$ cat run20.cif   # mmCIF, C-alpha atoms and all ligand atoms
data_final
#
loop_
_atom_site.label_atom_id
_atom_site.label_comp_id
_atom_site.auth_asym_id
_atom_site.auth_seq_id
_atom_site.Cartn_x
_atom_site.Cartn_y
_atom_site.Cartn_z
CA MET A 3 5.01 30.96 -34.84
CA THR A 4 6.95 27.78 -34.09
CA ALA A 5 6.03 25.60 -31.12
CA THR A 6 8.69 24.22 -28.78
CA LYS A 7 7.59 20.76 -27.64
CA GLY A 8 7.18 20.69 -23.87
CA LEU A 9 8.29 24.36 -23.75
CA GLU A 10 11.87 23.11 -23.40
CA GLY A 11 14.31 25.96 -22.89
CA ILE A 12 11.55 28.60 -22.84
CA VAL A 13 11.99 31.21 -20.11
CA ALA A 14 8.40 31.87 -19.04
CA THR A 15 8.80 34.17 -16.03
CA THR A 16 11.27 35.87 -13.76
CA SER A 17 11.48 34.57 -10.19
CA SER A 18 13.66 35.21 -7.15
CA ILE A 19 12.67 32.03 -5.29
CA SER A 20 14.96 29.27 -6.53
CA SER A 21 17.56 28.98 -9.26
CA ILE A 22 19.24 26.21 -11.21
CA ILE A 23 22.42 27.62 -12.72
CA ASP A 24 25.11 25.32 -14.14
CA GLY A 25 23.54 22.40 -12.31
CA VAL A 26 23.61 24.17 -8.92
CA LEU A 27 20.27 24.49 -7.13
CA THR A 28 19.71 27.34 -4.69
CA TYR A 29 16.72 28.52 -2.66
CA ARG A 30 16.89 32.32 -2.44
CA GLY A 31 20.57 32.06 -3.36
CA ILE A 32 21.51 29.46 -0.71
CA ASP A 33 23.00 26.25 -2.08
CA ILE A 34 20.79 23.19 -1.59
CA ASP A 35 23.78 21.26 -0.17
CA ASP A 36 24.12 23.86 2.59
CA LEU A 37 20.38 23.75 3.32
CA ALA A 38 20.21 19.94 3.26
CA GLU A 39 22.99 19.74 5.84
CA ASN A 40 21.94 22.60 8.11
CA ALA A 41 18.37 23.82 7.69
CA THR A 42 15.05 22.53 8.96
CA PHE A 43 12.01 22.41 6.69
CA GLU A 44 10.37 25.18 8.76
CA GLU A 45 13.34 27.47 8.12
CA VAL A 46 13.19 26.63 4.42
CA ALA A 47 9.46 27.38 4.18
CA TYR A 48 10.11 30.74 5.83
CA LEU A 49 13.02 31.38 3.46
CA LEU A 50 10.87 30.64 0.41
CA TRP A 51 7.97 32.86 1.55
CA TYR A 52 9.87 35.79 3.06
CA GLY A 53 13.10 35.73 1.05
CA LYS A 54 15.36 35.44 4.10
CA LEU A 55 16.15 32.98 6.87
CA PRO A 56 14.07 33.55 10.02
CA ASN A 57 15.59 34.73 13.29
CA ALA A 58 14.67 32.74 16.42
CA SER A 59 11.44 34.63 17.19
CA GLU A 60 10.29 34.63 13.55
CA LEU A 61 10.84 30.88 13.40
CA ALA A 62 9.01 30.35 16.69
CA GLN A 63 6.07 32.36 15.34
CA LEU A 64 5.91 30.33 12.13
CA ILE A 65 6.02 27.05 14.08
CA ALA A 66 3.27 28.35 16.38
CA ASP A 67 1.18 29.20 13.30
CA PHE A 68 1.75 25.74 11.83
CA ASN A 69 0.57 24.19 15.10
CA LYS A 70 -2.44 26.52 15.27
CA PHE A 71 -3.56 25.88 11.69
CA ALA A 72 -2.77 22.14 11.45
CA PRO A 73 -6.24 20.82 12.48
CA ILE A 74 -8.55 20.56 9.48
CA PRO A 75 -12.27 21.41 9.52
CA ALA A 76 -14.53 18.60 10.77
CA GLN A 77 -16.42 18.78 7.46
CA VAL A 78 -13.23 17.92 5.58
CA ILE A 79 -12.65 14.91 7.84
CA GLU A 80 -16.24 13.84 7.11
CA GLN A 81 -15.55 14.19 3.37
CA LEU A 82 -12.39 12.06 3.69
CA LYS A 83 -14.53 9.36 5.33
CA LEU A 84 -16.80 9.35 2.26
CA TYR A 85 -13.98 8.85 -0.25
CA PRO A 86 -13.54 5.26 -1.52
CA LYS A 87 -10.93 3.50 0.65
CA GLU A 88 -9.06 2.45 -2.47
CA ALA A 89 -8.97 6.01 -3.89
CA ASN A 90 -5.59 7.20 -5.13
CA SER A 91 -4.09 9.20 -2.29
CA MET A 92 -3.07 12.10 -4.54
CA ALA A 93 -6.63 12.23 -5.89
CA ALA A 94 -7.90 12.27 -2.31
CA LEU A 95 -5.46 15.07 -1.43
CA ARG A 96 -6.44 17.06 -4.52
CA SER A 97 -10.14 16.79 -3.61
CA ALA A 98 -9.61 17.57 0.07
CA VAL A 99 -7.45 20.66 -0.60
CA SER A 100 -10.15 21.93 -2.93
CA CYS A 101 -12.67 21.19 -0.17
CA LEU A 102 -10.63 23.19 2.40
CA ALA A 103 -11.43 26.36 0.45
CA LEU A 104 -15.16 25.87 1.08
CA TYR A 105 -14.62 26.13 4.84
CA ASP A 106 -12.13 29.00 4.86
CA GLU A 107 -13.98 32.29 5.22
CA GLU A 108 -11.05 34.16 3.72
CA ALA A 109 -10.62 31.79 0.75
CA ASN A 110 -11.40 34.52 -1.77
CA ASP A 111 -9.74 37.42 0.05
CA MET A 112 -6.99 38.52 -2.33
CA SER A 113 -5.10 40.81 0.08
CA PRO A 114 -1.37 39.96 0.42
CA GLU A 115 -1.76 39.39 4.21
CA SER A 116 -4.61 36.94 3.67
CA ASN A 117 -2.77 35.10 0.89
CA LEU A 118 0.35 34.71 3.04
CA ARG A 119 -1.79 33.43 5.93
CA LYS A 120 -3.48 30.93 3.60
CA ALA A 121 -0.07 29.76 2.37
CA ILE A 122 0.85 28.98 5.99
CA LYS A 123 -2.55 27.32 6.59
CA LEU A 124 -2.21 25.13 3.50
CA GLN A 125 1.30 24.11 4.53
CA ALA A 126 0.00 23.17 7.97
CA GLN A 127 -3.13 21.35 6.77
CA ILE A 128 -1.84 19.29 3.83
CA PRO A 129 0.07 16.87 6.16
CA THR A 130 -3.06 16.52 8.31
CA ILE A 131 -5.19 15.60 5.30
CA ILE A 132 -2.70 13.00 4.06
CA ALA A 133 -2.29 11.31 7.45
CA ALA A 134 -6.05 11.40 8.12
CA PHE A 135 -6.89 9.76 4.79
CA ALA A 136 -4.16 7.14 5.30
CA ARG A 137 -5.74 6.14 8.64
CA ILE A 138 -9.38 6.39 7.58
CA ARG A 139 -8.85 4.00 4.66
CA GLU A 140 -7.45 1.46 7.14
CA GLY A 141 -10.59 1.80 9.26
CA LYS A 142 -8.79 3.86 11.95
CA GLU A 143 -9.76 7.21 13.42
CA PRO A 144 -7.56 10.16 12.39
CA VAL A 145 -5.04 11.32 14.99
CA ALA A 146 -5.06 15.05 15.82
CA PRO A 147 -1.90 16.99 14.90
CA LYS A 148 0.87 17.03 17.49
CA GLN A 149 2.02 20.36 18.92
CA SER A 150 5.51 20.07 17.55
CA GLN A 151 8.61 21.94 16.44
CA SER A 152 8.49 20.11 13.14
CA ILE A 153 6.02 19.21 10.42
CA ALA A 154 7.98 15.99 9.84
CA GLU A 155 7.42 14.92 13.45
CA SER A 156 3.75 15.88 13.53
CA PHE A 157 3.07 14.14 10.20
CA LEU A 158 4.70 10.86 11.30
CA TYR A 159 2.86 11.07 14.62
CA MET A 160 -0.51 11.54 12.88
CA LEU A 161 0.29 8.69 10.50
CA ILE A 162 1.41 6.03 12.99
CA GLY A 163 -0.44 7.26 16.08
CA THR A 164 2.60 6.98 18.36
CA GLU A 165 5.75 9.02 19.00
CA PRO A 166 7.95 8.72 15.91
CA ASP A 167 11.57 7.72 15.99
CA LYS A 168 14.13 10.58 16.01
CA VAL A 169 16.04 9.16 13.06
CA ALA A 170 12.83 8.99 11.03
CA ILE A 171 11.93 12.59 11.89
CA GLN A 172 15.38 13.82 10.86
CA ALA A 173 15.33 11.84 7.61
CA LEU A 174 11.87 13.05 6.65
CA ASP A 175 12.78 16.63 7.54
CA THR A 176 15.81 16.51 5.23
CA ALA A 177 13.68 14.99 2.45
CA LEU A 178 11.21 17.88 2.88
CA VAL A 179 14.07 20.41 2.62
CA LEU A 180 15.31 18.74 -0.59
CA HIS A 181 11.89 18.72 -2.32
CA ALA A 182 10.65 22.19 -1.31
CA ASP A 183 11.13 24.16 -4.49
CA HIS A 184 12.45 23.72 -7.98
CA GLU A 185 12.10 26.77 -10.17
CA LEU A 186 9.43 26.44 -12.86
CA ASN A 187 8.71 22.71 -12.60
CA ALA A 188 5.41 21.45 -14.06
CA SER A 189 3.31 21.64 -10.89
CA THR A 190 4.61 25.09 -9.93
CA PHE A 191 3.93 26.29 -13.46
CA ALA A 192 0.38 24.88 -13.20
CA ALA A 193 -0.10 26.79 -9.94
CA ARG A 194 1.18 30.02 -11.48
CA VAL A 195 -0.98 29.65 -14.60
CA THR A 196 -4.06 29.13 -12.42
CA VAL A 197 -3.52 32.09 -10.11
CA ALA A 198 -2.43 34.37 -12.95
CA THR A 199 -6.14 34.52 -13.84
CA LEU A 200 -6.50 36.02 -10.32
CA SER A 201 -8.10 32.85 -9.09
CA ASP A 202 -7.56 31.99 -5.42
CA ILE A 203 -4.60 30.23 -3.78
CA TYR A 204 -6.60 27.03 -3.11
CA SER A 205 -7.29 26.74 -6.85
CA GLY A 206 -3.59 27.21 -7.54
CA VAL A 207 -2.51 24.51 -5.09
CA THR A 208 -5.25 22.15 -6.31
CA SER A 209 -3.94 22.54 -9.88
CA ALA A 210 -0.41 21.92 -8.65
CA ILE A 211 -1.37 18.70 -6.84
CA GLY A 212 -3.00 17.44 -10.04
CA ALA A 213 0.18 18.14 -11.99
CA LEU A 214 2.51 16.62 -9.37
CA LYS A 215 0.53 13.36 -9.40
CA GLY A 216 1.75 12.29 -12.85
CA PRO A 217 4.60 9.74 -13.12
CA LEU A 218 6.74 12.02 -15.29
CA HIS A 219 6.81 14.41 -12.31
CA GLY A 220 6.22 13.72 -8.59
CA GLY A 221 4.48 10.42 -9.23
CA ALA A 222 7.85 8.98 -10.28
CA ASN A 223 8.85 8.23 -6.67
CA GLU A 224 5.99 5.72 -6.38
CA ALA A 225 6.80 4.32 -9.82
CA VAL A 226 10.43 3.79 -8.71
CA MET A 227 9.29 1.75 -5.70
CA ALA A 228 6.86 -0.24 -7.87
CA MET A 229 9.81 -1.03 -10.15
CA LEU A 230 12.06 -2.08 -7.22
CA GLU A 231 9.30 -4.35 -5.91
CA ASP A 232 8.80 -5.77 -9.38
CA ILE A 233 12.51 -6.53 -9.78
CA ASP A 234 12.57 -7.90 -6.23
CA SER A 235 16.20 -9.04 -6.03
CA LEU A 236 19.69 -7.88 -6.90
CA ASP A 237 20.06 -10.82 -9.29
CA ASN A 238 17.11 -9.68 -11.40
CA VAL A 239 18.29 -6.08 -11.87
CA ASP A 240 20.48 -6.69 -14.89
CA SER A 241 17.90 -8.44 -17.07
CA TYR A 242 15.03 -6.15 -15.98
CA VAL A 243 16.88 -2.92 -16.76
CA HIS A 244 18.30 -4.19 -20.05
CA ASP A 245 14.87 -5.42 -21.16
CA LYS A 246 13.38 -1.99 -20.47
CA LEU A 247 16.18 -0.10 -22.18
CA ASN A 248 16.18 -2.43 -25.20
CA ASN A 249 12.43 -1.88 -25.54
CA LYS A 250 12.93 1.89 -25.36
CA GLN A 251 11.01 2.08 -22.10
CA LYS A 252 11.84 4.61 -19.43
CA ILE A 253 13.49 3.73 -16.14
CA MET A 254 11.62 5.77 -13.58
CA GLY A 255 13.64 8.13 -11.40
CA PHE A 256 16.17 8.87 -14.15
CA GLY A 257 16.56 11.88 -16.40
CA HIS A 258 15.54 15.45 -15.91
CA ARG A 259 14.45 18.31 -18.12
CA VAL A 260 16.97 20.72 -16.61
CA TYR A 261 19.81 18.64 -15.12
CA LYS A 262 21.83 16.82 -17.72
CA ASN A 263 24.86 16.13 -15.49
CA GLY A 264 23.04 14.98 -12.40
CA ASP A 265 20.58 16.24 -9.84
CA PRO A 266 22.38 17.77 -6.81
CA ARG A 267 19.68 16.42 -4.46
CA ALA A 268 20.14 12.78 -5.45
CA LYS A 269 23.44 12.31 -3.57
CA HIS A 270 21.81 13.37 -0.29
CA LEU A 271 18.97 10.92 -0.77
CA GLN A 272 21.37 8.17 -1.83
CA LYS A 273 23.36 8.64 1.38
CA MET A 274 20.17 8.64 3.44
CA SER A 275 18.98 5.50 1.68
CA GLN A 276 22.23 3.73 2.61
CA GLU A 277 22.23 4.97 6.21
CA LEU A 278 18.59 4.03 6.78
CA GLY A 279 19.18 0.65 5.15
CA LYS A 280 21.99 0.01 7.63
CA ILE A 281 19.83 1.09 10.57
CA THR A 282 16.90 -1.09 9.54
CA GLY A 283 19.20 -3.97 8.61
CA ASN A 284 17.71 -4.07 5.10
CA LEU A 285 20.06 -2.77 2.41
CA LYS A 286 18.27 -4.64 -0.38
CA TRP A 287 16.47 -1.62 -1.92
CA TYR A 288 19.59 0.54 -1.64
CA GLU A 289 21.84 -2.07 -3.26
CA MET A 290 19.35 -2.69 -6.05
CA SER A 291 19.11 1.06 -6.63
CA ILE A 292 22.89 1.40 -6.87
CA LYS A 293 23.02 -1.41 -9.42
CA ILE A 294 20.22 0.16 -11.49
CA GLU A 295 22.07 3.48 -11.42
CA ASP A 296 25.32 1.81 -12.58
CA ILE A 297 23.58 0.32 -15.60
CA VAL A 298 21.38 3.28 -16.57
CA THR A 299 24.13 5.86 -16.14
CA GLY A 300 26.75 3.62 -17.71
CA GLU A 301 24.70 2.75 -20.77
CA LYS A 302 22.40 5.74 -21.30
CA GLY A 303 24.29 8.53 -19.54
CA LEU A 304 21.11 9.26 -17.57
CA LYS A 305 21.51 10.24 -13.90
CA PRO A 306 19.10 9.66 -11.00
CA ASN A 307 16.76 12.51 -10.16
CA VAL A 308 15.26 13.49 -6.78
CA ASP A 309 12.62 10.76 -7.04
CA PHE A 310 14.99 7.79 -7.41
CA TYR A 311 16.53 7.36 -3.96
CA SER A 312 13.58 8.95 -2.16
CA ALA A 313 11.70 5.71 -2.91
CA SER A 314 14.05 3.54 -0.82
CA VAL A 315 14.33 6.27 1.84
CA TYR A 316 10.55 6.38 2.39
CA THR A 317 10.33 2.58 2.31
CA SER A 318 12.97 2.38 5.06
CA LEU A 319 10.79 4.78 7.06
CA GLU A 320 7.94 2.25 6.64
CA ILE A 321 5.84 4.76 4.74
CA PRO A 322 3.29 3.10 2.41
CA ARG A 323 4.22 3.47 -1.24
CA ASP A 324 1.17 5.46 -2.25
CA LEU A 325 2.02 8.19 0.26
CA PHE A 326 5.36 8.99 -1.40
CA THR A 327 3.91 11.53 -3.84
CA PRO A 328 1.65 13.10 -1.18
CA ILE A 329 4.80 13.57 0.95
CA PHE A 330 6.40 15.31 -2.01
CA ALA A 331 3.30 17.56 -1.99
CA ILE A 332 3.80 18.37 1.72
CA SER A 333 7.22 19.72 0.87
CA ARG A 334 6.44 21.35 -2.48
CA ALA A 335 3.44 23.17 -0.97
CA SER A 336 6.00 25.65 0.38
CA GLY A 337 7.40 26.27 -3.09
CA TRP A 338 4.00 26.34 -4.80
CA THR A 339 2.65 28.92 -2.40
CA ALA A 340 5.83 31.04 -2.56
CA HIS A 341 5.46 31.10 -6.35
CA ILE A 342 1.75 31.91 -6.09
CA LEU A 343 2.51 34.88 -3.82
CA GLU A 344 5.24 36.01 -6.23
CA GLN A 345 2.82 35.68 -9.16
CA TYR A 346 0.19 37.83 -7.41
CA GLU A 347 2.81 40.48 -6.61
CA ASN A 348 3.60 41.14 -10.25
CA ASN A 349 0.77 39.51 -12.13
CA ARG A 350 -0.01 39.21 -15.78
CA LEU A 351 -2.30 36.60 -17.34
CA ILE A 352 -0.27 33.61 -18.61
CA ARG A 353 -1.57 32.82 -22.06
CA PRO A 354 0.85 31.51 -24.69
CA ARG A 355 -0.06 30.70 -28.29
CA ALA A 356 -0.41 27.40 -30.14
CA GLU A 357 0.98 26.74 -33.59
CA TYR A 358 -2.05 25.52 -35.53
CA ASN A 359 -1.46 22.26 -37.44
CA GLY A 360 -5.05 21.22 -38.18
CA PRO A 361 -7.03 21.34 -41.42
CA VAL A 362 -7.72 24.67 -43.15
CA SER A 363 -10.46 26.07 -45.42
CA GLN A 364 -13.08 23.60 -44.21
CA LYS A 365 -16.79 24.20 -44.69
CA TYR A 366 -19.66 23.40 -42.37
CA ILE A 367 -21.53 20.30 -43.59
CA THR A 368 -25.11 19.83 -42.50
CA ILE A 369 -25.73 16.77 -40.34
CA GLU A 370 -27.68 14.85 -43.01
CA ASN A 371 -24.78 15.25 -45.43
CA ARG A 372 -22.00 14.01 -43.11
C1 LIG B 401 10.49 15.74 -9.43
C2 LIG B 401 10.54 15.41 -10.84
O1 LIG B 401 9.62 15.71 -11.56
S1 LIG B 401 11.96 14.71 -11.44
C3 LIG B 401 11.44 13.76 -12.85
C4 LIG B 401 10.63 12.56 -12.44
N1 LIG B 401 10.26 11.74 -13.60
C5 LIG B 401 10.85 10.57 -13.87
O2 LIG B 401 11.76 10.11 -13.19
C6 LIG B 401 10.30 9.83 -15.06
C7 LIG B 401 11.41 9.30 -15.96
N2 LIG B 401 12.07 10.39 -16.66
C8 LIG B 401 11.49 10.99 -17.73
O3 LIG B 401 10.42 10.59 -18.23
C9 LIG B 401 12.20 12.18 -18.36
O4 LIG B 401 13.59 12.10 -18.15
C10 LIG B 401 11.68 13.51 -17.81
C11 LIG B 401 10.15 13.57 -17.96
C12 LIG B 401 12.03 13.68 -16.36
C13 LIG B 401 12.30 14.66 -18.61
O5 LIG B 401 11.75 14.61 -19.86
P1 LIG B 401 12.30 15.38 -21.13
O6 LIG B 401 13.21 16.46 -20.79
O7 LIG B 401 11.08 15.71 -21.92
O8 LIG B 401 13.14 14.27 -21.87
P2 LIG B 401 12.54 13.16 -22.83
O9 LIG B 401 11.48 12.36 -22.18
O10 LIG B 401 12.21 13.82 -24.14
O11 LIG B 401 13.83 12.26 -22.99
C14 LIG B 401 14.95 12.57 -23.85
C15 LIG B 401 15.57 11.24 -24.28
O12 LIG B 401 16.08 10.56 -23.13
C16 LIG B 401 15.38 9.34 -22.92
N3 LIG B 401 15.03 9.25 -21.51
C17 LIG B 401 14.70 10.26 -20.68
N4 LIG B 401 14.44 9.79 -19.47
C18 LIG B 401 14.62 8.47 -19.53
C19 LIG B 401 14.49 7.44 -18.59
N5 LIG B 401 14.12 7.71 -17.34
N6 LIG B 401 14.75 6.18 -18.97
C20 LIG B 401 15.14 5.90 -20.23
N7 LIG B 401 15.26 6.84 -21.18
C21 LIG B 401 15.01 8.10 -20.83
C22 LIG B 401 14.11 9.45 -23.74
O13 LIG B 401 13.60 8.21 -24.12
C23 LIG B 401 14.57 10.29 -24.91
O14 LIG B 401 15.28 9.44 -25.78
P3 LIG B 401 15.21 9.67 -27.39
O15 LIG B 401 15.78 11.04 -27.60
O16 LIG B 401 16.02 8.56 -27.91
O17 LIG B 401 13.75 9.61 -27.74
O1 LIG B 402 12.01 20.70 -12.05
C1 LIG B 402 11.43 19.75 -12.58
O2 LIG B 402 11.22 19.65 -13.82
C2 LIG B 402 10.92 18.63 -11.76
C3 LIG B 402 10.89 18.90 -10.30
O3 LIG B 402 9.92 19.38 -9.76
C4 LIG B 402 12.07 18.62 -9.52
O4 LIG B 402 13.06 18.11 -10.07
O5 LIG B 402 12.05 18.85 -8.30
#
$ encode --input "run20.cif" --output "structure tokens"
Amino acid sequence: MTATKGLEGIVATTSSISSIIDGVLTYRGIDIDDLAENATFEEVAYLLWYGKLPNASELAQLIADFNKFAPIPAQVIEQLKLYPKEANSMAALRSAVSCLALYDEEANDMSPESNLRKAIKLQAQIPTIIAAFARIREGKEPVAPKQSQSIAESFLYMLIGTEPDKVAIQALDTALVLHADHELNASTFAARVTVATLSDIYSGVTSAIGALKGPLHGGANEAVMAMLEDIDSLDNVDSYVHDKLNNKQKIMGFGHRVYKNGDPRAKHLQKMSQELGKITGNLKWYEMSIKIEDIVTGEKGLKPNVDFYSASVYTSLEIPRDLFTPIFAISRASGWTAHILEQYENNRLIRPRAEYNGPVSQKYITIENR
């Protein structure tokens, strides 16, 4: 038995949800470029769960379900009020999603109909939790979900408490489309490992949120913004990036386990970052990002991943930095739950082996002789 560090290159399952072949990302066979330009997040969620694009009435039904399920139980709101105001927002989301299960009577119903319904509920309720916690920690009352055609609109409405701007809704919707699924990424794998024990969907999504939080995965978008704030001006980019690279430190938002010639989602986010910068009259973060990319790609051959330009996009939308990774979770909830449903459909326990490299032939030593 020989271990492969980080399971690089190991094919651990079959899946018909998304593919990355020769650097091209598809959801159910549809190119991400096509979806980014034409689809709404609601259509994409349907596509991931059902394997096809919805017709008008199927889409209307899904949107009606999202609106119906979006309010969260009063007990969960009460829990959010008890969390420390300075709690990490991904930790708060992880706890609150786990808490949702306690108030869902069908949490442990393993029928396919119930699991699909819970996937839709989770997708509807995760944005509500994030917006509610963001307001509660500022001493404000949560805003009830808006009856809306779009999760992006309802989320922004719950966050700011007023009608969101159309440009912001469109930009967030596209970002949600771009982040929705990504084959067997770390958080999706965590979800699949959890539910492969035949544990419930809430456990799977809670595991996934924990995995997404880390800065080598979804947490990188917040780390990118922290870096941009740290650098602070275009003039400081050169010395900052060279210092990091010379000290063999990572530049967040660059590199990817699967893409070696660039992430197809990054160009969409780069364009959005520029357009939003122009609209807000602040191109500073965009211009700094471009300069960082020039240096890192030029000198290390590393390309920006999905997290790099999403940082300046969300900042232009005036979203607080520590909600960037929770927003990633809003989107990826669709992919996580699609993978969980796929895992249940054709389940086998996921249990790899470890190559043992510890001591051998040891004997028990009594405590007085240690
Ligand atoms: C949604 C997402 O999860 S996208 C990824 C988000 N994460 C980040 O942006 C964090 C920064 N990037 C990284 O840490 C990595 O590129 C990962 C985690 C994304 C991929 O990791 P792996 O495939 O395991 O690559 P690994 O970390 O082994 O890097 C390979 C080499 O490239 C270097 N490298 C990789 N990423 C970077 C980076 N961002 N900055 C500088 N060097 C890097 C490593 O130092 C390593 O160099 P070495 O061979 O000289 O030791
Ligand atoms: O696939 C991965 O390793 C990371 C990820 O989730 C993504 O890029 O969207």
$ closest_residue --input "run20.cif" --among "A:Ile294, A:Leu49, A:Leu304, A:Leu102" --to "Tyr261 of chain A" --atoms "all atoms listed in the file"
A:Leu304
$ axis_aligned_box --input "run20.cif" --around "ligand LIG 402 (chain B)" --padding-each-side "5 Å" --output "AutoDock Vina command-line options"
--center_x 11.5 --center_y 19.4 --center_z -11.1 --size_x 13.1 --size_y 12.6 --size_z 15.5
$ residues_near_point --input "run20.cif" --point "(18.8, 28.7, -1.6)" --cutoff "9 Å" --atoms "all atoms listed in the file" --output "PDB file with C-alpha atoms, in the frame of the given file"
ATOM      1  CA  ILE A  19      12.670  32.030  -5.290  1.00  0.00           C
ATOM      2  CA  SER A  20      14.960  29.270  -6.530  1.00  0.00           C
ATOM      3  CA  SER A  21      17.560  28.980  -9.260  1.00  0.00           C
ATOM      4  CA  LEU A  27      20.270  24.490  -7.130  1.00  0.00           C
ATOM      5  CA  THR A  28      19.710  27.340  -4.690  1.00  0.00           C
ATOM      6  CA  TYR A  29      16.720  28.520  -2.660  1.00  0.00           C
ATOM      7  CA  ARG A  30      16.890  32.320  -2.440  1.00  0.00           C
ATOM      8  CA  GLY A  31      20.570  32.060  -3.360  1.00  0.00           C
ATOM      9  CA  ILE A  32      21.510  29.460  -0.710  1.00  0.00           C
ATOM     10  CA  ASP A  33      23.000  26.250  -2.080  1.00  0.00           C
ATOM     11  CA  ILE A  34      20.790  23.190  -1.590  1.00  0.00           C
ATOM     12  CA  ASP A  36      24.120  23.860   2.590  1.00  0.00           C
ATOM     13  CA  LEU A  37      20.380  23.750   3.320  1.00  0.00           C
ATOM     14  CA  VAL A  46      13.190  26.630   4.420  1.00  0.00           C
ATOM     15  CA  LEU A  49      13.020  31.380   3.460  1.00  0.00           C
ATOM     16  CA  LEU A  50      10.870  30.640   0.410  1.00  0.00           C
TER      17      LEU A  50
END
$ residues_near_ligand --input "run20.cif" --ligand "ligand LIG 402 (chain B)" --cutoff "7 Å" --atoms "only C-alpha atoms and all ligand atoms" --output "list in words"
His181, Asp183, His184, Glu185, Leu186, Asn187, Ala188, His219, Gly220, His258, Arg259, Val260, Asn307 and Val308 of chain A
$ atom_distance --input "run20.cif" --atom1 "atom CA of Glu45 of chain A" --atom2 "atom CA of Ser152 of chain A"
10.1 Å
$ residues_around --input "run20.cif" --residues "segment 196-205 of chain A" --least-positions-apart "5" --cutoff "12 Å" --atoms "all atoms listed in the file" --output "mmCIF file with C-alpha atoms, in the frame of the given file"
data_model
loop_
_atom_site.group_PDB
_atom_site.id
_atom_site.type_symbol
_atom_site.label_atom_id
_atom_site.label_comp_id
_atom_site.auth_asym_id
_atom_site.auth_seq_id
_atom_site.Cartn_x
_atom_site.Cartn_y
_atom_site.Cartn_z
ATOM 1 C CA THR A 15 8.800 34.170 -16.030
ATOM 2 C CA ARG A 96 -6.440 17.060 -4.520
ATOM 3 C CA SER A 97 -10.140 16.790 -3.610
ATOM 4 C CA ALA A 98 -9.610 17.570 0.070
ATOM 5 C CA VAL A 99 -7.450 20.660 -0.600
ATOM 6 C CA SER A 100 -10.150 21.930 -2.930
ATOM 7 C CA CYS A 101 -12.670 21.190 -0.170
ATOM 8 C CA LEU A 102 -10.630 23.190 2.400
ATOM 9 C CA ALA A 103 -11.430 26.360 0.450
ATOM 10 C CA LEU A 104 -15.160 25.870 1.080
ATOM 11 C CA TYR A 105 -14.620 26.130 4.840
ATOM 12 C CA ASP A 106 -12.130 29.000 4.860
ATOM 13 C CA GLU A 108 -11.050 34.160 3.720
ATOM 14 C CA ALA A 109 -10.620 31.790 0.750
ATOM 15 C CA ASN A 110 -11.400 34.520 -1.770
ATOM 16 C CA ASP A 111 -9.740 37.420 0.050
ATOM 17 C CA MET A 112 -6.990 38.520 -2.330
ATOM 18 C CA SER A 113 -5.100 40.810 0.080
ATOM 19 C CA PRO A 114 -1.370 39.960 0.420
ATOM 20 C CA SER A 116 -4.610 36.940 3.670
ATOM 21 C CA ASN A 117 -2.770 35.100 0.890
ATOM 22 C CA LEU A 118 0.350 34.710 3.040
ATOM 23 C CA ARG A 119 -1.790 33.430 5.930
ATOM 24 C CA LYS A 120 -3.480 30.930 3.600
ATOM 25 C CA ALA A 121 -0.070 29.760 2.370
ATOM 26 C CA ILE A 122 0.850 28.980 5.990
ATOM 27 C CA LYS A 123 -2.550 27.320 6.590
ATOM 28 C CA LEU A 124 -2.210 25.130 3.500
ATOM 29 C CA GLN A 125 1.300 24.110 4.530
ATOM 30 C CA GLN A 127 -3.130 21.350 6.770
ATOM 31 C CA ILE A 128 -1.840 19.290 3.830
ATOM 32 C CA SER A 189 3.310 21.640 -10.890
ATOM 33 C CA THR A 190 4.610 25.090 -9.930
ATOM 34 C CA PHE A 191 3.930 26.290 -13.460
ATOM 35 C CA ALA A 210 -0.410 21.920 -8.650
ATOM 36 C CA ILE A 211 -1.370 18.700 -6.840
ATOM 37 C CA GLY A 212 -3.000 17.440 -10.040
ATOM 38 C CA ALA A 213 0.180 18.140 -11.990
ATOM 39 C CA ALA A 335 3.440 23.170 -0.970
ATOM 40 C CA TRP A 338 4.000 26.340 -4.800
ATOM 41 C CA THR A 339 2.650 28.920 -2.400
ATOM 42 C CA ALA A 340 5.830 31.040 -2.560
ATOM 43 C CA HIS A 341 5.460 31.100 -6.350
ATOM 44 C CA ILE A 342 1.750 31.910 -6.090
ATOM 45 C CA LEU A 343 2.510 34.880 -3.820
ATOM 46 C CA GLU A 344 5.240 36.010 -6.230
ATOM 47 C CA GLN A 345 2.820 35.680 -9.160
ATOM 48 C CA TYR A 346 0.190 37.830 -7.410
ATOM 49 C CA GLU A 347 2.810 40.480 -6.610
ATOM 50 C CA ASN A 348 3.600 41.140 -10.250
ATOM 51 C CA ASN A 349 0.770 39.510 -12.130
ATOM 52 C CA ARG A 350 -0.010 39.210 -15.780
ATOM 53 C CA LEU A 351 -2.300 36.600 -17.340
ATOM 54 C CA ILE A 352 -0.270 33.610 -18.610
ATOM 55 C CA ARG A 353 -1.570 32.820 -22.060
#
$ closest_residue --input "run20.cif" --among "A:Glu143, A:Asp324, A:Asp309, A:Glu224" --to "ligand LIG 401 (chain B)" --atoms "all atoms listed in the file"
A:Asp309
$ closest_residue --input "run20.cif" --among "A:Glu289, A:Pro147, A:Lys7, A:Lys273" --to "Val239 of chain A" --atoms "all atoms listed in the file"
A:Glu289
$ residues_near_point --input "run20.cif" --point "(12.4, -5.5, -3.7)" --cutoff "10 Å" --atoms "all atoms listed in the file" --output "number ranges by chain"
A: 227-236, 238, 286-288, 290-291, 314
